[in-house]
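Asker: Quick one: this structure, given as structure tokens, is what I'll be asking you about.
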Amino acid sequence: MEKVKIIKKRLRTAQSCQKSYSDVRHRDLEFKEYDWVFLKVSPMKGMMWFGKKRKLSPRYVRPYKTIQRIGQVAYKLDLPPEMSLVHPVLYVSMLKKVVGDLSAVVPIETIEVNEELSYEEISVAILDRQV
């Protein structure tokens with residue numbers, strides 16, 4: 001019985017140490033209705049929901065609008081018709097809040113990668129000249 005008490009005490013101290021580490025890094029994510037969020041892409045091989053896979057696959061897909069909060073940790077998104085296979089209710093862990101200007105987001109379809117795994121940069125404006 002004495003050894004069981006020692007083991008339980010050591011387990012409690014280990015659990016409290018782990019809890020203190022997780023509490024420091026933990027942050028609650030909450031979104032309001034009609035907030036813009038990025039959708040996280042599934043990292044599993046073989047899942048090709050968004051057209052690209054492995055190293056070239058983006059971590060988050062373009063921003064979507066939250067329609068409704070469902071429960072404590074789930075949100076319903078306004079997904080386009082081409083993503084009809086994806087269920088519109090997603091957990092908070094699959095979402096990331098959009099911070100900044102939405103016009104700066106580049107759609108995935110506009111980036112064309114060639115066989116050498118490179119792409120052509122097109123300059124929009126020349127901001128400064130130097131001789």
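Scheme for the structure tokens: letters A, B, ... for chains in order shown; per-chain residue numbers from 1; ligand numbers from 1 in order shown.
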Can you tell me, as a list of chain:residue names, what residues are no more than 8 Å from Leu77 (chain A) when counting only C-alpha atoms, ignoring any on the same chain fewer than 4 positions away?
Answerer: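 Listed by chain and then number, they are A:Tyr64, A:Lys65, A:Thr66, A:Ile67, A:Gln68, A:Pro88, A:Val89, A:Leu90.
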Asker: Would you export the selected residues with all heavy atoms as a PDB file, in the first residue's frame, please?
Answerer:
ATOM      1  N   TYR A  64     -13.029  32.086 -45.416  1.00  0.00           N
ATOM      2  CA  TYR A  64     -14.464  31.832 -45.514  1.00  0.00           C
ATOM      3  C   TYR A  64     -15.160  32.545 -44.365  1.00  0.00           C
ATOM      4  O   TYR A  64     -14.560  32.821 -43.329  1.00  0.00           O
ATOM      5  CB  TYR A  64     -14.764  30.330 -45.447  1.00  0.00           C
ATOM      6  CG  TYR A  64     -14.148  29.565 -46.577  1.00  0.00           C
ATOM      7  CD1 TYR A  64     -13.002  28.808 -46.387  1.00  0.00           C
ATOM      8  CD2 TYR A  64     -14.697  29.610 -47.847  1.00  0.00           C
ATOM      9  CE1 TYR A  64     -12.432  28.108 -47.427  1.00  0.00           C
ATOM     10  CE2 TYR A  64     -14.126  28.912 -48.900  1.00  0.00           C
ATOM     11  CZ  TYR A  64     -13.001  28.166 -48.676  1.00  0.00           C
ATOM     12  OH  TYR A  64     -12.435  27.485 -49.705  1.00  0.00           O
ATOM     13  N   LYS A  65     -16.432  32.795 -44.542  1.00  0.00           N
ATOM     14  CA  LYS A  65     -17.203  33.517 -43.544  1.00  0.00           C
ATOM     15  C   LYS A  65     -17.891  32.526 -42.606  1.00  0.00           C
ATOM     16  O   LYS A  65     -18.435  31.520 -43.045  1.00  0.00           O
ATOM     17  CB  LYS A  65     -18.261  34.369 -44.241  1.00  0.00           C
ATOM     18  CG  LYS A  65     -18.759  35.525 -43.414  1.00  0.00           C
ATOM     19  CD  LYS A  65     -19.812  36.304 -44.153  1.00  0.00           C
ATOM     20  CE  LYS A  65     -19.216  37.044 -45.321  1.00  0.00           C
ATOM     21  NZ  LYS A  65     -20.168  37.947 -45.966  1.00  0.00           N
ATOM     22  N   THR A  66     -17.839  32.809 -41.292  1.00  0.00           N
ATOM     23  CA  THR A  66     -18.574  31.987 -40.337  1.00  0.00           C
ATOM     24  C   THR A  66     -20.036  32.421 -40.354  1.00  0.00           C
ATOM     25  O   THR A  66     -20.333  33.617 -40.320  1.00  0.00           O
ATOM     26  CB  THR A  66     -18.013  32.121 -38.907  1.00  0.00           C
ATOM     27  OG1 THR A  66     -18.082  33.493 -38.521  1.00  0.00           O
ATOM     28  CG2 THR A  66     -16.589  31.636 -38.825  1.00  0.00           C
ATOM     29  N   ILE A  67     -20.920  31.456 -40.403  1.00  0.00           N
ATOM     30  CA  ILE A  67     -22.347  31.759 -40.436  1.00  0.00           C
ATOM     31  C   ILE A  67     -22.965  31.658 -39.050  1.00  0.00           C
ATOM     32  O   ILE A  67     -23.728  32.524 -38.639  1.00  0.00           O
ATOM     33  CB  ILE A  67     -23.077  30.781 -41.387  1.00  0.00           C
ATOM     34  CG1 ILE A  67     -22.565  30.939 -42.796  1.00  0.00           C
ATOM     35  CG2 ILE A  67     -24.575  30.994 -41.339  1.00  0.00           C
ATOM     36  CD1 ILE A  67     -23.134  29.925 -43.748  1.00  0.00           C
ATOM     37  N   GLN A  68     -22.581  30.600 -38.334  1.00  0.00           N
ATOM     38  CA  GLN A  68     -23.266  30.307 -37.077  1.00  0.00           C
ATOM     39  C   GLN A  68     -22.323  29.578 -36.140  1.00  0.00           C
ATOM     40  O   GLN A  68     -21.489  28.789 -36.568  1.00  0.00           O
ATOM     41  CB  GLN A  68     -24.480  29.420 -37.401  1.00  0.00           C
ATOM     42  CG  GLN A  68     -25.266  28.958 -36.226  1.00  0.00           C
ATOM     43  CD  GLN A  68     -26.366  27.984 -36.658  1.00  0.00           C
ATOM     44  OE1 GLN A  68     -26.441  27.586 -37.807  1.00  0.00           O
ATOM     45  NE2 GLN A  68     -27.205  27.612 -35.725  1.00  0.00           N
ATOM     46  N   PRO A  88     -19.868  21.496 -43.729  1.00  0.00           N
ATOM     47  CA  PRO A  88     -19.716  22.919 -43.381  1.00  0.00           C
ATOM     48  C   PRO A  88     -19.501  23.199 -41.899  1.00  0.00           C
ATOM     49  O   PRO A  88     -19.113  24.298 -41.535  1.00  0.00           O
ATOM     50  CB  PRO A  88     -21.023  23.545 -43.864  1.00  0.00           C
ATOM     51  CG  PRO A  88     -21.995  22.429 -43.844  1.00  0.00           C
ATOM     52  CD  PRO A  88     -21.220  21.188 -44.174  1.00  0.00           C
ATOM     53  N   VAL A  89     -19.739  22.228 -41.012  1.00  0.00           N
ATOM     54  CA  VAL A  89     -19.545  22.440 -39.575  1.00  0.00           C
ATOM     55  C   VAL A  89     -18.156  21.933 -39.207  1.00  0.00           C
ATOM     56  O   VAL A  89     -17.841  20.765 -39.386  1.00  0.00           O
ATOM     57  CB  VAL A  89     -20.627  21.710 -38.748  1.00  0.00           C
ATOM     58  CG1 VAL A  89     -20.372  21.887 -37.270  1.00  0.00           C
ATOM     59  CG2 VAL A  89     -21.996  22.227 -39.118  1.00  0.00           C
ATOM     60  N   LEU A  90     -17.303  22.846 -38.694  1.00  0.00           N
ATOM     61  CA  LEU A  90     -15.912  22.513 -38.402  1.00  0.00           C
ATOM     62  C   LEU A  90     -15.543  22.943 -36.990  1.00  0.00           C
ATOM     63  O   LEU A  90     -16.073  23.926 -36.455  1.00  0.00           O
ATOM     64  CB  LEU A  90     -14.989  23.197 -39.404  1.00  0.00           C
ATOM     65  CG  LEU A  90     -15.203  22.741 -40.844  1.00  0.00           C
ATOM     66  CD1 LEU A  90     -14.679  23.781 -41.794  1.00  0.00           C
ATOM     67  CD2 LEU A  90     -14.535  21.423 -41.075  1.00  0.00           C
TER      68      LEU A  90
END
Asker: Would you mind telling me which residue in A:Tyr34, A:Arg62, A:Gln130, A:Ser93 lies nearest to Pro80 (chain A) when using only C-alpha atoms?
Answerer: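 Nearest to Pro80 (chain A): A:Arg62.
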Asker: Can you pull out every residue within 7 Å of Val98 (chain A), counting only C-alpha atoms, but drop anything in the same chain fewer than 2 positions away, and send it as a list in words?
Answerer: Trp36, Val37, Phe38, Lys96 and Gly100 of chain A
Asker: With C-alpha atoms retained, write the just-selected residues as an mmCIF file, in the first residue's frame.
Answerer:
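Below you can see out-v5.cif, which holds the result:
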data_model
loop_
_atom_site.group_PDB
_atom_site.id
_atom_site.type_symbol
_atom_site.label_atom_id
_atom_site.label_comp_id
_atom_site.auth_asym_id
_atom_site.auth_seq_id
_atom_site.Cartn_x
_atom_site.Cartn_y
_atom_site.Cartn_z
ATOM 1 C CA TRP A 36 -13.544 35.666 -41.769
ATOM 2 C CA VAL A 37 -11.477 32.550 -41.017
ATOM 3 C CA PHE A 38 -8.945 30.401 -42.881
ATOM 4 C CA LYS A 96 -7.494 30.356 -38.056
ATOM 5 C CA GLY A 100 -5.384 42.090 -41.815
#
Asker: When you draw a straight line from CA of Tyr75 (chain A) to CA of Val24 (chain A), how long is it in Å?
Answerer: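 Taking CA of Tyr75 (chain A) and CA of Val24 (chain A), their separation equals 25.0 Å.
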Asker: What is the distance between CA of Leu29 (chain A) and CA of Arg69 (chain A), in Å to one decimal?
Answerer: 12.1 Å
Asker: Quick one: residues within 6 Å of Val73 (chain A), only C-alpha atoms counted, chain neighbours fewer than 2 positions away excluded, as a list in words?
Answerer: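 Result of the neighbour search: Gly71, Tyr91 and Val92 of chain A.
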